[in-house]
$ cat coords02.tsv   # TSV, C-alpha atoms
chain	number	residue	atom	x	y	z
A	248	MET	CA	3.29	20.43	1.63
A	249	ALA	CA	0.15	21.81	-0.03
A	250	LEU	CA	0.97	19.92	-3.25
A	251	LEU	CA	1.42	16.71	-1.26
A	252	ILE	CA	-1.94	17.12	0.44
A	253	LEU	CA	-3.67	18.00	-2.85
A	254	GLY	CA	-2.21	14.90	-4.51
A	255	LEU	CA	-3.32	12.71	-1.60
A	256	LEU	CA	-6.83	14.19	-1.72
A	257	ILE	CA	-7.08	13.43	-5.45
A	258	LEU	CA	-5.87	9.86	-4.87
A	259	ILE	CA	-8.21	9.29	-1.91
A	260	GLY	CA	-11.10	10.83	-3.86
A	261	TYR	CA	-10.46	8.52	-6.79
A	262	GLN	CA	-10.38	5.47	-4.50
A	263	ALA	CA	-13.65	6.54	-2.88
A	264	LEU	CA	-15.19	6.99	-6.34
A	265	TYR	CA	-13.95	3.55	-7.35
A	266	ASN	CA	-15.74	2.00	-4.38
A	267	VAL	CA	-19.09	3.69	-5.13
A	268	HIS	CA	-20.14	1.18	-7.78
A	269	ASP	CA	-23.38	2.92	-8.81
A	270	LEU	CA	-21.67	6.25	-9.42
A	271	ARG	CA	-18.84	4.57	-11.30
A	272	ARG	CA	-21.32	2.65	-13.48
A	273	ALA	CA	-23.26	5.86	-14.16
A	274	LEU	CA	-20.09	7.70	-15.22
A	275	ILE	CA	-19.07	4.83	-17.50
A	276	ALA	CA	-22.57	4.72	-19.02
A	277	ARG	CA	-22.54	8.47	-19.63
A	278	PHE	CA	-18.99	8.96	-20.93
A	279	GLY	CA	-18.00	5.43	-22.04
A	280	PHE	CA	-15.42	3.09	-20.57
A	281	ALA	CA	-12.50	4.46	-22.61
A	282	SER	CA	-13.14	8.05	-21.52
A	283	PHE	CA	-13.58	6.95	-17.90
A	284	ALA	CA	-10.33	4.94	-18.04
A	285	ILE	CA	-8.40	7.84	-19.59
A	286	ALA	CA	-9.76	10.31	-17.02
A	287	SER	CA	-8.89	7.88	-14.22
A	288	GLY	CA	-5.35	7.45	-15.52
A	289	VAL	CA	-4.86	11.21	-15.85
A	290	ALA	CA	-6.20	11.78	-12.32
A	291	ILE	CA	-3.88	9.13	-10.86
A	292	LEU	CA	-0.82	10.43	-12.76
A	293	LEU	CA	-1.63	13.99	-11.66
A	294	ALA	CA	-2.01	12.82	-8.05
A	295	LEU	CA	1.33	10.97	-8.17
A	296	ALA	CA	3.10	13.97	-9.72
A	297	LEU	CA	1.69	16.25	-7.01
A	298	ILE	CA	2.64	13.79	-4.26
A	299	ILE	CA	6.22	13.41	-5.54
A	300	GLU	CA	6.71	17.15	-6.02
A	301	GLY	CA	5.09	17.93	-2.66
A	302	LYS	CA	7.21	15.38	-0.79
A	303	SER	CA	10.46	16.44	-2.42
A	304	SER	CA	9.90	20.18	-1.92
A	305	ALA	CA	8.59	20.08	1.66
A	306	SER	CA	10.83	21.07	4.55
A	307	TYR	CA	11.93	18.51	7.12
A	308	THR	CA	10.17	18.95	10.47
A	309	THR	CA	10.76	16.36	13.18
A	310	VAL	CA	7.58	15.45	15.02
A	311	TRP	CA	8.83	12.74	17.33
A	312	ILE	CA	11.70	10.32	17.79
A	313	PRO	CA	10.58	6.70	17.39
A	314	PRO	CA	12.03	4.31	19.97
A	315	ALA	CA	14.71	1.96	18.64
A	316	THR	CA	12.74	-1.06	19.90
A	317	LEU	CA	10.01	-0.23	17.38
A	318	GLN	CA	12.39	-1.41	14.66
A	319	LEU	CA	12.09	-4.95	15.98
A	320	TYR	CA	8.48	-5.07	14.78
A	321	VAL	CA	8.95	-3.31	11.45
A	322	MET	CA	10.65	-6.09	9.49
A	323	PRO	CA	8.22	-8.89	10.47
A	324	ALA	CA	5.22	-6.62	9.85
A	325	MET	CA	6.57	-5.69	6.41
A	326	PHE	CA	7.05	-9.38	5.57
A	327	ILE	CA	3.44	-10.08	6.56
A	328	GLY	CA	2.32	-7.15	4.40
A	329	PHE	CA	4.19	-8.54	1.39
A	330	VAL	CA	2.72	-12.02	1.87
A	331	ILE	CA	-0.83	-10.67	2.16
A	332	ALA	CA	-0.34	-8.45	-0.90
A	333	ALA	CA	0.98	-11.41	-2.93
A	334	ALA	CA	-2.22	-13.31	-2.12
A	335	GLN	CA	-4.09	-10.88	-4.39
A	336	PHE	CA	-2.46	-12.42	-7.47
A	337	VAL	CA	-2.44	-16.17	-6.77
A	338	PRO	CA	-5.12	-18.58	-5.55
A	339	SER	CA	-5.07	-18.48	-1.77
A	340	ASN	CA	-7.32	-18.87	1.25
A	341	LEU	CA	-6.31	-15.35	2.24
A	342	ARG	CA	-8.58	-14.14	-0.56
A	343	ARG	CA	-11.49	-15.79	1.28
A	344	TRP	CA	-10.81	-13.83	4.44
A	345	LEU	CA	-9.75	-10.49	2.95
A	346	PRO	CA	-11.75	-8.70	0.24
A	347	ARG	CA	-8.70	-7.01	-1.35
A	348	PRO	CA	-5.43	-8.49	-0.06
A	349	LEU	CA	-3.28	-6.04	-2.03
A	350	MET	CA	-4.88	-3.10	-0.23
A	351	VAL	CA	-4.64	-4.83	3.15
A	352	GLY	CA	-0.94	-5.51	2.53
A	353	ALA	CA	-0.42	-1.89	1.45
A	354	LEU	CA	-2.25	-0.68	4.56
A	355	ILE	CA	0.20	-2.66	6.71
A	356	TRP	CA	3.17	-1.16	4.80
A	357	PHE	CA	1.84	2.38	5.18
A	358	LEU	CA	1.03	2.01	8.88
A	359	VAL	CA	4.47	0.57	9.59
A	360	HIS	CA	6.14	3.44	7.72
A	361	LEU	CA	3.89	5.88	9.56
A	362	LEU	CA	5.22	4.55	12.88
A	363	VAL	CA	8.92	4.77	12.04
A	364	LYS	CA	9.06	7.92	9.92
A	365	ALA	CA	9.23	10.81	12.37
A	366	ASP	CA	9.00	13.85	10.10
A	367	LEU	CA	5.81	15.75	9.32
A	368	THR	CA	6.01	15.29	5.55
A	369	SER	CA	6.49	11.51	5.75
A	370	MET	CA	3.73	11.21	8.34
A	371	THR	CA	1.40	13.17	6.05
A	372	LEU	CA	2.37	11.00	3.07
A	373	PHE	CA	2.04	7.63	4.79
A	374	GLY	CA	-1.02	8.69	6.78
A	375	GLY	CA	-2.75	9.77	3.57
A	376	LEU	CA	-1.73	6.59	1.79
A	377	ALA	CA	-3.01	4.57	4.77
A	378	ILE	CA	-6.39	6.28	4.38
A	379	PHE	CA	-6.25	5.50	0.65
A	380	ALA	CA	-5.55	1.82	1.35
A	381	ALA	CA	-8.16	1.61	4.14
A	382	ILE	CA	-10.83	2.89	1.76
A	383	GLY	CA	-9.58	0.42	-0.85
A	384	CYS	CA	-9.92	-2.53	1.52
A	385	PHE	CA	-13.68	-2.43	1.09
A	386	GLY	CA	-15.95	-2.70	-1.87
A	387	LYS	CA	-15.11	-6.08	-3.38
A	388	LYS	CA	-16.72	-9.42	-2.71
A	389	ARG	CA	-14.43	-12.00	-1.20
A	390	ASP	CA	-13.47	-15.19	-2.97
A	391	GLU	CA	-15.47	-17.99	-1.35
A	392	ARG	CA	-13.55	-20.95	-2.76
A	393	LYS	CA	-11.88	-23.04	-0.08
A	394	LEU	CA	-8.44	-24.18	-1.18
A	395	PRO	CA	-6.02	-26.73	0.29
A	396	TRP	CA	-3.59	-25.22	2.76
A	397	LEU	CA	-0.68	-26.18	0.52
A	398	LYS	CA	-1.77	-23.29	-1.74
A	399	GLU	CA	-0.69	-20.87	0.99
A	400	SER	CA	2.95	-21.60	0.25
A	401	LEU	CA	2.76	-19.67	-3.05
A	402	PRO	CA	1.87	-16.26	-1.53
A	403	VAL	CA	4.49	-16.82	1.17
A	404	ALA	CA	7.15	-17.65	-1.43
A	405	ILE	CA	6.24	-14.74	-3.74
A	406	GLY	CA	5.86	-12.32	-0.83
A	407	GLY	CA	9.17	-13.50	0.64
A	408	VAL	CA	11.06	-12.98	-2.62
A	409	LEU	CA	9.51	-9.52	-3.12
A	410	TYR	CA	10.31	-8.64	0.49
A	411	PHE	CA	13.94	-9.71	0.10
A	412	VAL	CA	14.38	-7.82	-3.20
A	413	THR	CA	12.76	-4.71	-1.72
A	414	PHE	CA	14.99	-5.03	1.33
A	415	LEU	CA	18.07	-5.10	-0.90
A	416	ILE	CA	17.15	-2.16	-3.13
A	417	HIS	CA	15.26	0.04	-0.65
A	418	GLY	CA	18.30	2.21	0.11
A	419	TYR	CA	19.05	2.78	-3.56
A	420	LEU	CA	15.44	3.61	-4.48
A	421	PHE	CA	14.38	5.71	-1.51
A	422	GLY	CA	17.62	6.78	0.17
A	423	ALA	CA	16.82	5.04	3.46
A	424	THR	CA	18.01	1.61	4.50
A	425	PRO	CA	15.32	-0.59	6.07
A	426	THR	CA	17.49	-1.63	9.01
A	427	MET	CA	18.08	-0.34	12.47
A	428	MET	CA	20.13	2.83	12.82
A	429	GLY	CA	20.45	3.19	9.04
A	430	ARG	CA	23.11	0.50	8.61
A	431	GLY	CA	22.53	-2.15	5.98
A	432	PHE	CA	23.40	-5.81	6.25
A	433	PHE	CA	25.14	-5.95	2.86
$ encode --input "coords02.tsv" --output "structure tokens"
Amino acid sequence: MALLILGLLILIGYQALYNVHDLRRALIARFGFASFAIASGVAILLALALIIEGKSSASYTTVWIPPATLQLYVMPAMFIGFVIAAAQFVPSNLRRWLPRPLMVGALIWFLVHLLVKADLTSMTLFGGLAIFAAIGCFGKKRDERKLPWLKESLPVAIGGVLYFVTFLIHGYLFGATPTMMGRGFF
């Protein structure tokens, strides 16, 4: 668990550094962009390695038992998270309202997982990642261009396809099916 927490602290610290533009600019001016980018990449890879090792080696401790009715809200919330995250990469009015749609979408994913995962290790992981995403939601100017509402169909289509693919492969990748009571539809 200590490795998991250390990895999360490194990741959260990097995100906080990324949002402090003056400090980031000063570090780039002092060490150069290439050195800053390499150090950032090493820090992120180290954080991910610590998170993966910490999660896989931690013992399972049940904290609470989520009610089955909570599952009714998980799938729609995850779909909304995917649509919002897809808006980061295509022109959309969502980019006018949200400074960093990818981080807002990730925040929704992490909060939903935080609600339905009932063990201490998963709650630590998703709680830490939610803090990471919440910090990442700030710090970027929003896109002020107003677009026709027809443009909103592209994030919905891309988010829907990504949601469906993730739904299908979630059990194979993470060992947990995203449906009620652990039974898949396919």
$ residues_around --input "coords02.tsv" --residues "Phe414 (chain A)" --least-positions-apart "3" --cutoff "9 Å" --atoms "all atoms listed in the file" --output "list in words"
Leu409, Tyr410, Phe411, His417, Gly418, Thr424, Pro425 and Thr426 of chain A
$ residues_around --input "coords02.tsv" --residues "Ala353 (chain A)" --least-positions-apart "3" --cutoff "8 Å" --atoms "all atoms listed in the file" --output "JSON list (two decimals) with C-alpha atoms, in the coordinates of the input"
[["chain", "number", "residue", "atom", "x", "y", "z"],
["A", 328, "GLY", "CA", 2.32, -7.15, 4.40],
["A", 332, "ALA", "CA", -0.34, -8.45, -0.90],
["A", 349, "LEU", "CA", -3.28, -6.04, -2.03],
["A", 350, "MET", "CA", -4.88, -3.10, -0.23],
["A", 356, "TRP", "CA", 3.17, -1.16, 4.80],
["A", 357, "PHE", "CA", 1.84, 2.38, 5.18],
["A", 377, "ALA", "CA", -3.01, 4.57, 4.77],
["A", 380, "ALA", "CA", -5.55, 1.82, 1.35]]
$ residues_around --input "coords02.tsv" --residues "Ser303 (chain A)" --least-positions-apart "3" --cutoff "10 Å" --atoms "all atoms listed in the file" --output "ChimeraX atom specification"
/A:248,251,297-300,306-307,368
$ write_last_selection --input "coords02.tsv" --atoms "C-alpha atoms" --output "PDB file, keeping the file's coordinate frame"
ATOM      1  CA  MET A 248       3.290  20.430   1.630  1.00  0.00           C
ATOM      2  CA  LEU A 251       1.420  16.710  -1.260  1.00  0.00           C
ATOM      3  CA  LEU A 297       1.690  16.250  -7.010  1.00  0.00           C
ATOM      4  CA  ILE A 298       2.640  13.790  -4.260  1.00  0.00           C
ATOM      5  CA  ILE A 299       6.220  13.410  -5.540  1.00  0.00           C
ATOM      6  CA  GLU A 300       6.710  17.150  -6.020  1.00  0.00           C
ATOM      7  CA  SER A 306      10.830  21.070   4.550  1.00  0.00           C
ATOM      8  CA  TYR A 307      11.930  18.510   7.120  1.00  0.00           C
ATOM      9  CA  THR A 368       6.010  15.290   5.550  1.00  0.00           C
TER      10      THR A 368
END
$ atom_distance --input "coords02.tsv" --atom1 "CA of Ala315 (chain A)" --atom2 "CA of Ser369 (chain A)"
18.0 Å
$ residues_around --input "coords02.tsv" --residues "Lys364 (chain A)" --least-positions-apart "3" --cutoff "12 Å" --atoms "only C-alpha atoms" --output "ChimeraX atom specification"
/A:307-315,317-318,321,356-361,367-374,423,425
$ atom_distance --input "coords02.tsv" --atom1 "CA of Leu270 (chain A)" --atom2 "CA of Ile285 (chain A)"
16.8 Å
$ build_atoms --input "coords02.tsv" --residues "region 378-411 of chain A" --atoms "N, CA and C atoms" --output "tab-separated table (two decimals), keeping the file's coordinate frame"
chain	number	residue	atom	x	y	z
A	378	ILE	N	-4.96	6.02	4.59
A	378	ILE	CA	-6.39	6.28	4.38
A	378	ILE	C	-6.82	5.76	3.02
A	379	PHE	N	-6.00	6.00	1.99
A	379	PHE	CA	-6.25	5.50	0.65
A	379	PHE	C	-6.42	3.98	0.65
A	380	ALA	N	-5.49	3.28	1.31
A	380	ALA	CA	-5.55	1.82	1.35
A	380	ALA	C	-6.73	1.33	2.19
A	381	ALA	N	-7.03	2.02	3.29
A	381	ALA	CA	-8.16	1.61	4.14
A	381	ALA	C	-9.47	1.71	3.36
A	382	ILE	N	-9.63	2.78	2.58
A	382	ILE	CA	-10.83	2.89	1.76
A	382	ILE	C	-10.85	1.78	0.71
A	383	GLY	N	-9.68	1.46	0.17
A	383	GLY	CA	-9.58	0.42	-0.85
A	383	GLY	C	-9.80	-0.99	-0.34
A	384	CYS	N	-9.73	-1.18	0.97
A	384	CYS	CA	-9.92	-2.53	1.52
A	384	CYS	C	-11.36	-3.01	1.38
A	385	PHE	N	-12.27	-2.08	1.16
A	385	PHE	CA	-13.68	-2.43	1.09
A	385	PHE	C	-14.17	-2.34	-0.35
A	386	GLY	N	-15.32	-2.89	-0.58
A	386	GLY	CA	-15.95	-2.70	-1.87
A	386	GLY	C	-15.85	-3.86	-2.83
A	387	LYS	N	-15.19	-4.95	-2.48
A	387	LYS	CA	-15.11	-6.08	-3.38
A	387	LYS	C	-15.54	-7.34	-2.63
A	388	LYS	N	-16.28	-8.17	-3.32
A	388	LYS	CA	-16.72	-9.42	-2.71
A	388	LYS	C	-15.54	-10.37	-2.55
A	389	ARG	N	-15.51	-11.05	-1.44
A	389	ARG	CA	-14.43	-12.00	-1.20
A	389	ARG	C	-14.60	-13.25	-2.04
A	390	ASP	N	-13.48	-13.92	-2.26
A	390	ASP	CA	-13.47	-15.19	-2.97
A	390	ASP	C	-13.89	-16.27	-1.98
A	391	GLU	N	-14.93	-17.01	-2.29
A	391	GLU	CA	-15.47	-17.99	-1.35
A	391	GLU	C	-14.94	-19.41	-1.54
A	392	ARG	N	-14.07	-19.60	-2.52
A	392	ARG	CA	-13.55	-20.95	-2.76
A	392	ARG	C	-12.57	-21.35	-1.65
A	393	LYS	N	-12.79	-22.53	-1.09
A	393	LYS	CA	-11.88	-23.04	-0.08
A	393	LYS	C	-10.81	-23.85	-0.80
A	394	LEU	N	-9.56	-23.53	-0.52
A	394	LEU	CA	-8.44	-24.18	-1.18
A	394	LEU	C	-7.63	-24.98	-0.17
A	395	PRO	N	-6.90	-26.00	-0.63
A	395	PRO	CA	-6.02	-26.73	0.29
A	395	PRO	C	-4.95	-25.81	0.87
A	396	TRP	N	-4.55	-26.09	2.08
A	396	TRP	CA	-3.59	-25.22	2.76
A	396	TRP	C	-2.24	-25.18	2.08
A	397	LEU	N	-1.95	-26.18	1.25
A	397	LEU	CA	-0.68	-26.18	0.52
A	397	LEU	C	-0.59	-24.97	-0.41
A	398	LYS	N	-1.74	-24.46	-0.85
A	398	LYS	CA	-1.77	-23.29	-1.74
A	398	LYS	C	-1.23	-22.04	-1.06
A	399	GLU	N	-1.18	-22.05	0.27
A	399	GLU	CA	-0.69	-20.87	0.99
A	399	GLU	C	0.81	-20.70	0.85
A	400	SER	N	1.50	-21.72	0.40
A	400	SER	CA	2.95	-21.60	0.25
A	400	SER	C	3.32	-20.66	-0.89
A	401	LEU	N	2.46	-20.54	-1.91
A	401	LEU	CA	2.76	-19.67	-3.05
A	401	LEU	C	2.78	-18.18	-2.66
A	402	PRO	N	1.76	-17.66	-1.96
A	402	PRO	CA	1.87	-16.26	-1.53
A	402	PRO	C	3.05	-16.01	-0.59
A	403	VAL	N	3.36	-16.99	0.26
A	403	VAL	CA	4.49	-16.82	1.17
A	403	VAL	C	5.80	-16.77	0.38
A	404	ALA	N	5.94	-17.64	-0.62
A	404	ALA	CA	7.15	-17.65	-1.43
A	404	ALA	C	7.27	-16.35	-2.24
A	405	ILE	N	6.21	-15.96	-2.92
A	405	ILE	CA	6.24	-14.74	-3.74
A	405	ILE	C	6.45	-13.52	-2.86
A	406	GLY	N	5.69	-13.44	-1.75
A	406	GLY	CA	5.86	-12.32	-0.83
A	406	GLY	C	7.25	-12.27	-0.23
A	407	GLY	N	7.82	-13.45	0.09
A	407	GLY	CA	9.17	-13.50	0.64
A	407	GLY	C	10.22	-13.02	-0.35
A	408	VAL	N	10.10	-13.43	-1.60
A	408	VAL	CA	11.06	-12.98	-2.62
A	408	VAL	C	10.94	-11.47	-2.84
A	409	LEU	N	9.70	-10.96	-2.94
A	409	LEU	CA	9.51	-9.52	-3.12
A	409	LEU	C	10.03	-8.74	-1.91
A	410	TYR	N	9.82	-9.27	-0.73
A	410	TYR	CA	10.31	-8.64	0.49
A	410	TYR	C	11.83	-8.56	0.48
A	411	PHE	N	12.48	-9.66	0.12
A	411	PHE	CA	13.94	-9.71	0.10
A	411	PHE	C	14.50	-8.74	-0.95
